[in-house]
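Chemist: Have a peek at entry07.csv (CSV, C-alpha atoms).
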chain,number,residue,atom,x,y,z
B,1,MET,CA,-20.1,6.8,12.2
B,2,HIS,CA,-17.5,8.4,9.9
B,3,GLU,CA,-20.1,10.5,8.1
B,4,ARG,CA,-21.8,11.7,11.3
B,5,GLU,CA,-18.5,12.9,12.8
B,6,ALA,CA,-17.6,14.6,9.5
B,7,VAL,CA,-20.9,16.6,9.7
B,8,GLU,CA,-19.9,17.6,13.2
B,9,ARG,CA,-16.6,18.8,11.8
B,10,GLY,CA,-18.1,20.7,8.9
B,11,LEU,CA,-16.7,18.3,6.3
B,12,ARG,CA,-18.3,16.8,3.1
B,13,TYR,CA,-17.5,13.1,3.6
B,14,SER,CA,-18.8,10.0,1.9
B,15,TYR,CA,-18.2,6.6,3.4
B,16,ARG,CA,-19.5,3.6,1.4
B,17,LEU,CA,-19.7,-0.1,2.0
B,18,ILE,CA,-18.3,-2.4,-0.6
B,19,ASP,CA,-19.5,-5.9,0.2
B,20,LEU,CA,-17.6,-8.6,-1.7
B,21,ASP,CA,-20.1,-11.2,-0.9
B,22,LYS,CA,-23.0,-9.2,-2.4
B,23,LEU,CA,-20.8,-8.5,-5.5
B,24,ASN,CA,-19.9,-12.2,-5.6
B,25,LEU,CA,-16.2,-11.3,-5.9
B,26,PRO,CA,-13.5,-13.5,-4.4
B,27,ALA,CA,-11.3,-11.5,-2.0
B,28,GLU,CA,-8.0,-12.3,-3.6
B,29,ALA,CA,-9.1,-11.1,-7.0
B,30,ALA,CA,-11.1,-8.0,-5.8
B,31,VAL,CA,-8.6,-6.1,-3.7
B,32,GLU,CA,-6.3,-4.8,-6.4
B,33,GLU,CA,-9.2,-4.0,-8.7
B,34,LEU,CA,-11.0,-2.0,-5.9
B,35,LEU,CA,-7.8,-0.1,-5.0
B,36,ILE,CA,-7.3,0.9,-8.7
B,37,THR,CA,-10.9,1.9,-9.0
B,38,GLY,CA,-10.7,4.0,-5.8
B,39,GLU,CA,-7.6,5.8,-7.1
B,40,ARG,CA,-9.3,6.6,-10.3
B,41,MET,CA,-12.5,7.9,-8.6
B,42,GLY,CA,-10.5,10.1,-6.2
B,43,PHE,CA,-11.1,8.2,-3.0
B,44,GLN,CA,-9.0,9.3,0.0
B,45,GLY,CA,-8.7,5.7,1.2
B,46,PHE,CA,-10.2,2.4,2.3
B,47,ASN,CA,-10.9,0.5,5.4
B,48,ILE,CA,-10.1,-3.1,5.0
B,49,THR,CA,-11.9,-5.9,6.9
B,50,HIS,CA,-12.0,-9.7,7.1
B,51,PRO,CA,-10.8,-11.6,5.0
B,52,CYS,CA,-8.5,-9.0,3.2
B,53,LYS,CA,-6.4,-7.5,6.0
B,54,GLN,CA,-3.3,-9.6,5.1
B,55,SER,CA,-3.8,-10.2,1.4
B,56,ALA,CA,-4.2,-6.5,0.7
B,57,ILE,CA,-0.6,-5.8,1.7
B,58,ALA,CA,0.7,-7.2,-1.7
B,59,TYR,CA,-1.0,-4.3,-3.5
B,60,LEU,CA,0.3,-1.5,-1.4
B,61,THR,CA,3.3,0.8,-2.0
B,62,GLU,CA,4.1,1.6,1.6
B,63,LEU,CA,3.4,0.3,5.1
B,64,SER,CA,3.4,2.1,8.5
B,65,ASP,CA,5.9,0.7,11.0
B,66,GLU,CA,2.9,-0.8,13.0
B,67,ALA,CA,1.3,-2.4,10.0
B,68,ARG,CA,4.6,-3.9,8.9
B,69,ALA,CA,5.2,-5.4,12.3
B,70,ILE,CA,1.7,-6.8,12.6
B,71,GLY,CA,1.6,-8.0,9.0
B,72,ALA,CA,-2.0,-6.8,8.5
B,73,VAL,CA,-3.7,-3.6,7.4
B,74,ASN,CA,-7.2,-2.3,8.1
B,75,THR,CA,-6.7,1.3,6.7
B,76,VAL,CA,-5.3,2.3,3.4
B,77,VAL,CA,-4.6,6.0,2.6
B,78,LEU,CA,-4.5,6.9,-1.1
B,79,ARG,CA,-2.3,9.9,-1.6
B,80,ASP,CA,-0.1,11.3,-4.4
B,81,GLY,CA,-0.2,8.0,-6.3
B,82,GLU,CA,0.8,6.0,-3.1
B,83,ARG,CA,-1.2,3.4,-1.3
B,84,ILE,CA,-0.1,3.6,2.3
B,85,GLY,CA,-1.2,0.8,4.6
B,86,HIS,CA,-1.9,1.4,8.3
B,87,ASN,CA,-3.1,-0.8,11.2
B,88,THR,CA,-5.4,1.0,13.6
B,89,ASP,CA,-6.9,-2.2,15.0
B,90,ALA,CA,-4.1,-2.6,17.5
B,91,SER,CA,-4.3,0.9,19.0
B,92,GLY,CA,-8.1,0.6,18.9
B,93,PHE,CA,-8.1,-2.6,20.8
B,94,ALA,CA,-5.6,-1.3,23.4
B,95,ARG,CA,-7.6,1.8,24.0
B,96,SER,CA,-10.9,-0.2,24.4
B,97,PHE,CA,-9.2,-2.7,26.7
B,98,SER,CA,-7.8,0.0,28.9
B,99,ARG,CA,-11.2,1.6,29.3
B,100,GLY,CA,-13.3,-1.5,29.7
B,101,LEU,CA,-11.1,-4.1,31.4
B,102,SER,CA,-8.9,-1.8,33.5
B,103,GLY,CA,-6.8,-3.8,36.0
B,104,ALA,CA,-7.3,-7.1,34.4
B,105,ALA,CA,-4.6,-9.7,35.1
B,106,LEU,CA,-2.4,-10.3,32.0
B,107,GLN,CA,0.1,-13.0,33.1
B,108,GLN,CA,-1.5,-15.7,31.0
B,109,VAL,CA,-3.7,-14.8,28.0
B,110,VAL,CA,-5.3,-17.0,25.4
B,111,LEU,CA,-6.0,-15.7,21.9
B,112,LEU,CA,-8.4,-17.4,19.5
B,113,GLY,CA,-7.7,-16.4,15.9
B,114,ALA,CA,-4.4,-15.7,14.2
B,115,GLY,CA,-5.7,-13.8,11.1
B,116,GLY,CA,-5.4,-10.1,10.5
B,117,ALA,CA,-7.4,-9.0,13.5
B,118,GLY,CA,-5.8,-11.6,15.7
B,119,ALA,CA,-2.3,-10.4,14.8
B,120,ALA,CA,-3.3,-6.8,15.7
B,121,VAL,CA,-4.8,-7.7,19.1
B,122,ALA,CA,-1.8,-10.0,19.8
B,123,HIS,CA,0.6,-7.1,19.3
B,124,ALA,CA,-1.6,-4.8,21.4
B,125,ILE,CA,-2.0,-7.1,24.4
B,126,LEU,CA,1.8,-7.9,24.5
B,127,SER,CA,2.5,-4.2,24.2
B,128,MET,CA,0.2,-3.7,27.2
B,129,GLY,CA,2.4,-6.1,29.3
B,130,ALA,CA,0.8,-9.6,28.8
B,131,GLY,CA,3.3,-12.1,30.2
B,132,ARG,CA,2.6,-15.0,27.8
B,133,LEU,CA,0.1,-15.3,24.9
B,134,THR,CA,-1.1,-18.7,23.8
B,135,ILE,CA,-2.5,-18.6,20.3
B,136,PHE,CA,-5.0,-21.0,18.7
B,137,ASP,CA,-6.2,-21.0,15.1
B,138,THR,CA,-8.0,-23.5,12.9
B,139,GLU,CA,-4.8,-23.4,10.8
B,140,ASN,CA,-2.1,-24.3,13.4
B,141,LYS,CA,0.6,-23.2,11.0
B,142,ARG,CA,-0.8,-19.7,11.0
B,143,ALA,CA,-0.8,-19.6,14.8
B,144,GLU,CA,2.8,-20.8,14.7
B,145,ARG,CA,3.9,-18.1,12.3
B,146,LEU,CA,2.2,-15.4,14.4
B,147,ALA,CA,3.9,-16.7,17.5
B,148,ILE,CA,7.3,-16.6,15.9
B,149,GLY,CA,6.8,-13.1,14.7
B,150,LEU,CA,5.6,-11.9,18.2
B,151,CYS,CA,8.6,-13.5,19.9
B,152,ALA,CA,11.0,-11.8,17.5
B,153,ARG,CA,9.4,-8.4,18.5
B,154,PHE,CA,8.6,-8.9,22.2
B,155,GLY,CA,11.0,-11.6,23.4
B,156,CYS,CA,11.5,-15.3,23.4
B,157,GLU,CA,8.6,-17.3,24.9
B,158,ARG,CA,6.2,-14.3,25.1
B,159,ALA,CA,4.0,-16.0,22.6
B,160,VAL,CA,3.4,-19.7,21.6
B,161,ALA,CA,1.0,-21.6,19.3
B,162,GLY,CA,-1.3,-23.6,21.5
B,163,GLY,CA,-2.0,-27.3,21.3
B,164,ASP,CA,-4.4,-28.0,24.2
B,165,LEU,CA,-7.1,-25.4,24.6
B,166,GLU,CA,-8.5,-26.9,27.7
B,167,ALA,CA,-5.2,-26.8,29.5
B,168,ALA,CA,-4.5,-23.3,28.3
B,169,MET,CA,-7.8,-22.0,29.5
B,170,ALA,CA,-7.3,-23.7,32.9
B,171,ASP,CA,-4.1,-21.6,33.4
B,172,ALA,CA,-5.4,-18.4,31.7
B,173,ASP,CA,-6.3,-15.1,33.2
B,174,GLY,CA,-8.4,-14.1,30.2
B,175,LEU,CA,-9.4,-14.8,26.6
B,176,ILE,CA,-9.4,-12.7,23.5
B,177,HIS,CA,-11.7,-13.8,20.8
B,178,ALA,CA,-10.6,-12.7,17.3
B,179,THR,CA,-12.3,-15.1,14.8
B,180,PRO,CA,-15.5,-14.5,12.7
B,181,THR,CA,-17.5,-16.9,14.9
B,182,GLY,CA,-20.4,-15.0,16.4
B,183,MET,CA,-21.0,-12.8,13.4
B,184,ALA,CA,-24.5,-13.1,11.9
B,185,SER,CA,-23.0,-15.1,9.0
B,186,HIS,CA,-20.9,-17.3,11.4
B,187,PRO,CA,-23.2,-18.2,14.4
B,188,GLY,CA,-22.1,-20.3,17.4
B,189,LEU,CA,-19.4,-20.5,20.0
B,190,PRO,CA,-15.6,-20.6,19.2
B,191,LEU,CA,-14.9,-22.9,22.2
B,192,PRO,CA,-16.8,-25.2,24.6
B,193,GLU,CA,-18.6,-23.0,27.2
B,194,HIS,CA,-17.4,-25.2,30.1
B,195,LEU,CA,-13.9,-23.8,29.5
B,196,LEU,CA,-15.0,-20.4,30.7
B,197,ARG,CA,-14.7,-19.8,34.5
B,198,ARG,CA,-15.8,-16.8,36.5
B,199,GLU,CA,-12.1,-16.0,37.2
B,200,HIS,CA,-11.7,-15.2,33.5
B,201,TRP,CA,-12.1,-12.0,31.6
B,202,LEU,CA,-13.2,-12.1,28.0
B,203,ALA,CA,-12.5,-9.5,25.3
B,204,GLU,CA,-14.6,-9.9,22.1
B,205,ILE,CA,-13.8,-8.1,18.8
B,206,VAL,CA,-17.0,-9.0,16.9
B,207,TYR,CA,-19.4,-6.0,17.0
B,208,PHE,CA,-22.2,-7.0,14.6
B,209,PRO,CA,-24.0,-8.3,16.6
B,210,LEU,CA,-22.7,-6.5,19.6
B,211,ARG,CA,-24.1,-9.1,22.0
B,212,THR,CA,-22.6,-12.3,20.7
B,213,GLU,CA,-23.4,-15.8,22.0
B,214,LEU,CA,-19.9,-15.9,23.5
B,215,LEU,CA,-20.4,-12.7,25.5
B,216,ARG,CA,-23.8,-14.0,26.7
B,217,VAL,CA,-22.3,-17.3,27.9
B,218,ALA,CA,-19.3,-15.6,29.5
B,219,GLU,CA,-21.4,-13.2,31.4
B,220,GLU,CA,-23.7,-15.9,32.7
B,221,ARG,CA,-20.6,-17.7,34.0
B,222,GLY,CA,-19.5,-14.6,35.9
B,223,CYS,CA,-16.7,-13.4,33.7
B,224,ARG,CA,-15.8,-9.8,33.2
B,225,ILE,CA,-16.6,-9.0,29.6
B,226,LEU,CA,-15.6,-6.5,26.9
B,227,ASP,CA,-17.7,-6.3,23.8
B,228,GLY,CA,-16.4,-5.2,20.4
B,229,SER,CA,-17.8,-1.7,20.3
B,230,GLY,CA,-14.7,0.0,21.7
B,231,MET,CA,-12.3,-1.5,19.2
B,232,ALA,CA,-14.8,-0.7,16.4
B,233,VAL,CA,-14.9,2.9,17.4
B,234,PHE,CA,-11.3,3.6,18.4
B,235,GLN,CA,-9.9,2.0,15.2
B,236,ALA,CA,-12.3,4.3,13.3
B,237,VAL,CA,-11.1,7.3,15.3
B,238,GLU,CA,-7.6,6.9,14.0
B,239,ALA,CA,-8.7,6.0,10.5
B,240,PHE,CA,-10.7,9.2,10.3
B,241,ARG,CA,-7.6,11.2,11.4
B,242,LEU,CA,-5.5,9.4,8.7
B,243,PHE,CA,-8.1,10.1,6.0
B,244,THR,CA,-8.8,13.7,6.9
B,245,GLY,CA,-5.9,15.0,8.9
B,246,ILE,CA,-8.4,16.1,11.5
B,247,GLN,CA,-8.6,14.6,15.0
B,248,PRO,CA,-12.2,13.5,15.7
B,249,ASP,CA,-14.1,13.3,19.0
B,250,PRO,CA,-13.9,9.7,20.2
B,251,ASP,CA,-16.6,10.0,22.8
B,252,ARG,CA,-19.0,11.4,20.2
B,253,MET,CA,-18.2,8.7,17.8
B,254,LEU,CA,-18.8,6.1,20.5
B,255,ARG,CA,-22.2,7.6,21.3
B,256,HIS,CA,-23.1,7.5,17.7
B,257,PHE,CA,-22.0,3.9,17.3
B,258,MET,CA,-24.1,2.8,20.2
B,259,SER,CA,-27.1,4.7,18.8
B,260,MET,CA,-27.0,2.7,15.6
B,261,GLY,CA,-28.2,-0.4,17.5
B,262,ALA,CA,-25.3,-2.8,16.7
B,263,GLY,CA,-26.8,-5.4,19.1
Kindly present the structure from the file in structure tokens form.
Modeler:
Amino acid sequence: MHEREAVERGLRYSYRLIDLDKLNLPAEAAVEELLITGERMGFQGFNITHPCKQSAIAYLTELSDEARAIGAVNTVVLRDGERIGHNTDASGFARSFSRGLSGAALQQVVLLGAGGAGAAVAHAILSMGAGRLTIFDTENKRAERLAIGLCARFGCERAVAGGDLEAAMADADGLIHATPTGMASHPGLPLPEHLLRREHWLAEIVYFPLRTELLRVAEERGCRILDGSGMAVFQAVEAFRLFTGIQPDPDRMLRHFMSMGAG
């Protein structure tokens, strides 16, 4: 997607995947080493994904205001000896949500996942006017920390760590899914399917595969759904601009993403 847009812009641009699993490298040990290697090889930057979006911060020299508030990065620009961390996930999710779930009720929203991606979409949905966000995570302490940070930024009681998922879903307008469940390496559903009702909307951030089991079940139950393609593309649009200083064509990048057969 990055390389195709660069060709359209007349740029020489190389974008390469560094898969820590295939390299058999633990995330905590690999991040600093890869940043140093990238600097030495003249890289313009990195995109950072699960599970390094929060741990990478320790090895950066500067953070954008958005990345600092969220506590997670997905884009690192290497420039003049500095490692500058940005978060384009939040703006990417907001843009995708506005396009795909326009008019959705936001009074009560449930979020599954309080990691780096979860933190980004939490900030995005509250910035878009969500009344109250209830956060669930397999590590409840992480959900509590995120809720405390969100309340400090957006106001008391705007976010809370959830305790009873069934009760939260009964009151919810919609659900944001921000855990790895549904990826090819993490198959399955992140919650019991009976908790989804046709009155709910569902926003998914997983995009490989694009058609997750959760989306399939939600659609069968009559929910409005949003897949992960928009967030994947719109976070990349801003990352491309940060790397190159050139504004890309988001619609063209979206068309290219869809042509790659993510589903």
Chemist: From the set B:Phe97, B:Met260, B:Pro248, B:Leu165, which residue has the shortest atom-to-atom contact distance to Leu210 in chain B, counting all atoms listed in the file?
Modeler: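 Residue with the minimum atom-to-atom distance to Leu210 in chain B: B:Met260.
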Chemist: Considering all atoms listed in the file, state which residue in the set B:Ser102, B:Thr88, B:Ser14, B:Thr37 is at the smallest distance from Met1 in chain B.
Modeler: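 Residue with the minimum atom-to-atom distance to Met1 in chain B: B:Ser14.
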Chemist: Could you give me, as a tab-separated table, a per-residue list for range 162-185 of chain B showing, wherever an atom lies at most 10 Å from an atom of range 107-124 of chain B, the closest pair of atoms and their distance in Å to one decimal, using all atoms listed in the file and sorting by chain then residue number from low to high?
Modeler:
residue	atom	partner	partner_atom	distance
B:Gly162	CA	B:Val110	CA	8.6
B:Leu165	CA	B:Val110	CA	8.6
B:Ala168	CA	B:Val110	CA	7.0
B:Met169	CA	B:Val110	CA	6.9
B:Asp171	CA	B:Gln108	CA	6.9
B:Ala172	CA	B:Gln108	CA	4.8
B:Asp173	CA	B:Gln108	CA	5.3
B:Gly174	CA	B:Val109	CA	5.2
B:Leu175	CA	B:Val110	CA	4.8
B:Ile176	CA	B:Leu111	CA	4.8
B:His177	CA	B:Leu112	CA	5.1
B:Ala178	CA	B:Gly113	CA	4.9
B:Thr179	CA	B:Gly113	CA	4.9
B:Pro180	CA	B:Gly113	CA	8.6
B:Thr181	CA	B:Gly113	CA	9.9
Chemist: Nearest to Lys141 in chain B: which of B:Gly163, B:Gly92, B:Gly222, B:Gly155 is it, counting all atoms listed in the file?
Modeler: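 Among the listed residues, B:Gly163 lies closest to Lys141 in chain B.
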Chemist: Counting all atoms listed in the file, figure out which residue out of B:Glu66, B:Glu39, B:Asp80, B:Glu199 gets nearest to Ala105 in chain B.
Modeler: B:Glu199
Chemist: With only C-alpha atoms as the atoms that count, which of B:Leu146, B:Ala184, B:Ala72, B:Val233 lies nearest to Phe93 in chain B?
Modeler: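 Answer, going by the shortest atom-to-atom distance: B:Val233.
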Chemist: Which is closer to Leu150 in chain B than all the others in B:Met41, B:Ala69, B:Leu25, B:Ile84, using only C-alpha atoms?
Modeler: B:Ala69
Chemist: Using all atoms listed in the file, collect all residues at a distance of at most 10 Å from (-17.4, -6.7, 25.5) as written in the file, then present them as a PyMOL selection string.
Modeler: chain B and resi 96-97+100-101+201-207+210-212+214-216+218-219+224-231
Chemist: Take the point (-15.2, 0.4, -3.2) as written in the file and pick out every residue within 10 Å of it, counting all atoms listed in the file; give the list as a VMD selection string.
Modeler: chain B and resid 15 to 20 30 to 31 33 to 38 41 43 45 to 47
Chemist: Using CA of Thr75 in chain B and CA of Glu32 in chain B as the two end points, give the distance in Å to one decimal.
Modeler: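 Taking CA of Thr75 in chain B as the start and CA of Glu32 in chain B as the end point, the length is 14.5 Å.
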Chemist: Suppose you want the space between CA of Pro209 in chain B and CA of Gly182 in chain B; what is it in Å?
Modeler: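 Between these atoms lies a distance of 7.6 Å.
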Chemist: Identify, on the basis of all atoms listed in the file, every residue whose closest approach to Ala67 in chain B does not exceed 9 Å; exclude the query and any residue fewer than 6 positions from it along the same chain; express the result as a PDB file with C-alpha atoms, in the frame of the given file.
Modeler:
ATOM      1  CA  VAL B  73      -3.700  -3.600   7.400  1.00  0.00           C
ATOM      2  CA  ASN B  74      -7.200  -2.300   8.100  1.00  0.00           C
ATOM      3  CA  GLY B  85      -1.200   0.800   4.600  1.00  0.00           C
ATOM      4  CA  HIS B  86      -1.900   1.400   8.300  1.00  0.00           C
ATOM      5  CA  ASN B  87      -3.100  -0.800  11.200  1.00  0.00           C
ATOM      6  CA  THR B  88      -5.400   1.000  13.600  1.00  0.00           C
ATOM      7  CA  ALA B 120      -3.300  -6.800  15.700  1.00  0.00           C
TER       8      ALA B 120
END
Chemist: Tell me, in Å to one decimal, how far CA of Met258 in chain B is from CA of Ser98 in chain B.
Modeler: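 Separating CA of Met258 in chain B from CA of Ser98 in chain B is a distance of 18.7 Å.
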Chemist: Excluding Asp249 in chain B and residues on its chain fewer than 6 positions from it, collect all residues at most 10 Å away from it, counting only C-alpha atoms, and give them as number ranges by chain.
Modeler: B: 5, 8-9, 237
Chemist: Starting from the sparse input, extend range 92-121 of chain B to N, CA and C atoms and give the output as an mmCIF file, keeping the file's coordinate frame.
Modeler:
data_model
loop_
_atom_site.group_PDB
_atom_site.id
_atom_site.type_symbol
_atom_site.label_atom_id
_atom_site.label_comp_id
_atom_site.auth_asym_id
_atom_site.auth_seq_id
_atom_site.Cartn_x
_atom_site.Cartn_y
_atom_site.Cartn_z
ATOM 1 N N GLY B 92 -6.708 0.596 18.522
ATOM 2 C CA GLY B 92 -8.100 0.600 18.900
ATOM 3 C C GLY B 92 -8.458 -0.406 19.951
ATOM 4 N N PHE B 93 -7.889 -1.600 19.822
ATOM 5 C CA PHE B 93 -8.100 -2.600 20.800
ATOM 6 C C PHE B 93 -7.508 -2.212 22.169
ATOM 7 N N ALA B 94 -6.278 -1.711 22.134
ATOM 8 C CA ALA B 94 -5.600 -1.300 23.400
ATOM 9 C C ALA B 94 -6.388 -0.253 24.128
ATOM 10 N N ARG B 95 -6.891 0.717 23.394
ATOM 11 C CA ARG B 95 -7.600 1.800 24.000
ATOM 12 C C ARG B 95 -8.952 1.266 24.620
ATOM 13 N N SER B 96 -9.614 0.391 23.882
ATOM 14 C CA SER B 96 -10.900 -0.200 24.400
ATOM 15 C C SER B 96 -10.609 -1.048 25.604
ATOM 16 N N PHE B 97 -9.549 -1.855 25.570
ATOM 17 C CA PHE B 97 -9.200 -2.700 26.700
ATOM 18 C C PHE B 97 -8.923 -1.923 27.953
ATOM 19 N N SER B 98 -8.152 -0.859 27.786
ATOM 20 C CA SER B 98 -7.800 0.000 28.900
ATOM 21 C C SER B 98 -9.004 0.612 29.571
ATOM 22 N N ARG B 99 -9.989 0.966 28.757
ATOM 23 C CA ARG B 99 -11.200 1.600 29.300
ATOM 24 C C ARG B 99 -12.154 0.562 29.899
ATOM 25 N N GLY B 100 -12.272 -0.599 29.254
ATOM 26 C CA GLY B 100 -13.300 -1.500 29.700
ATOM 27 C C GLY B 100 -12.870 -2.657 30.581
ATOM 28 N N LEU B 101 -11.571 -2.976 30.594
ATOM 29 C CA LEU B 101 -11.100 -4.100 31.400
ATOM 30 C C LEU B 101 -9.867 -3.589 32.257
ATOM 31 N N SER B 102 -9.952 -2.390 32.742
ATOM 32 C CA SER B 102 -8.900 -1.800 33.500
ATOM 33 C C SER B 102 -8.517 -2.726 34.719
ATOM 34 N N GLY B 103 -7.222 -2.957 34.913
ATOM 35 C CA GLY B 103 -6.800 -3.800 36.000
ATOM 36 C C GLY B 103 -6.831 -5.263 35.826
ATOM 37 N N ALA B 104 -7.241 -5.707 34.647
ATOM 38 C CA ALA B 104 -7.300 -7.100 34.400
ATOM 39 C C ALA B 104 -5.947 -7.790 34.436
ATOM 40 N N ALA B 105 -5.879 -8.986 35.008
ATOM 41 C CA ALA B 105 -4.600 -9.700 35.100
ATOM 42 C C ALA B 105 -4.191 -10.142 33.676
ATOM 43 N N LEU B 106 -2.894 -10.053 33.392
ATOM 44 C CA LEU B 106 -2.400 -10.300 32.000
ATOM 45 C C LEU B 106 -1.216 -11.295 32.032
ATOM 46 N N GLN B 107 -1.076 -12.066 33.081
ATOM 47 C CA GLN B 107 0.100 -13.000 33.100
ATOM 48 C C GLN B 107 -0.048 -14.061 32.065
ATOM 49 N N GLN B 108 -1.235 -14.671 31.943
ATOM 50 C CA GLN B 108 -1.500 -15.700 31.000
ATOM 51 C C GLN B 108 -2.734 -15.387 30.170
ATOM 52 N N VAL B 109 -2.587 -15.187 28.855
ATOM 53 C CA VAL B 109 -3.700 -14.800 28.000
ATOM 54 C C VAL B 109 -3.833 -15.788 26.854
ATOM 55 N N VAL B 110 -5.065 -16.186 26.542
ATOM 56 C CA VAL B 110 -5.300 -17.000 25.400
ATOM 57 C C VAL B 110 -5.966 -16.206 24.296
ATOM 58 N N LEU B 111 -5.496 -16.403 23.071
ATOM 59 C CA LEU B 111 -6.000 -15.700 21.900
ATOM 60 C C LEU B 111 -6.590 -16.753 20.934
ATOM 61 N N LEU B 112 -7.845 -16.589 20.531
ATOM 62 C CA LEU B 112 -8.400 -17.400 19.500
ATOM 63 C C LEU B 112 -8.464 -16.618 18.193
ATOM 64 N N GLY B 113 -7.719 -17.081 17.194
ATOM 65 C CA GLY B 113 -7.700 -16.400 15.900
ATOM 66 C C GLY B 113 -6.355 -15.776 15.613
ATOM 67 N N ALA B 114 -5.706 -16.204 14.528
ATOM 68 C CA ALA B 114 -4.400 -15.700 14.200
ATOM 69 C C ALA B 114 -4.409 -14.997 12.807
ATOM 70 N N GLY B 115 -5.578 -14.535 12.385
ATOM 71 C CA GLY B 115 -5.700 -13.800 11.100
ATOM 72 C C GLY B 115 -5.276 -12.342 11.332
ATOM 73 N N GLY B 116 -5.767 -11.463 10.442
ATOM 74 C CA GLY B 116 -5.400 -10.100 10.500
ATOM 75 C C GLY B 116 -5.766 -9.404 11.814
ATOM 76 N N ALA B 117 -7.002 -9.601 12.253
ATOM 77 C CA ALA B 117 -7.400 -9.000 13.500
ATOM 78 C C ALA B 117 -6.720 -9.630 14.692
ATOM 79 N N GLY B 118 -6.528 -10.941 14.652
ATOM 80 C CA GLY B 118 -5.800 -11.600 15.700
ATOM 81 C C GLY B 118 -4.387 -11.124 15.863
ATOM 82 N N ALA B 119 -3.715 -10.911 14.740
ATOM 83 C CA ALA B 119 -2.300 -10.400 14.800
ATOM 84 C C ALA B 119 -2.309 -9.021 15.432
ATOM 85 N N ALA B 120 -3.300 -8.184 15.113
ATOM 86 C CA ALA B 120 -3.300 -6.800 15.700
ATOM 87 C C ALA B 120 -3.535 -6.859 17.180
ATOM 88 N N VAL B 121 -4.503 -7.640 17.650
ATOM 89 C CA VAL B 121 -4.800 -7.700 19.100
ATOM 90 C C VAL B 121 -3.643 -8.364 19.843
#
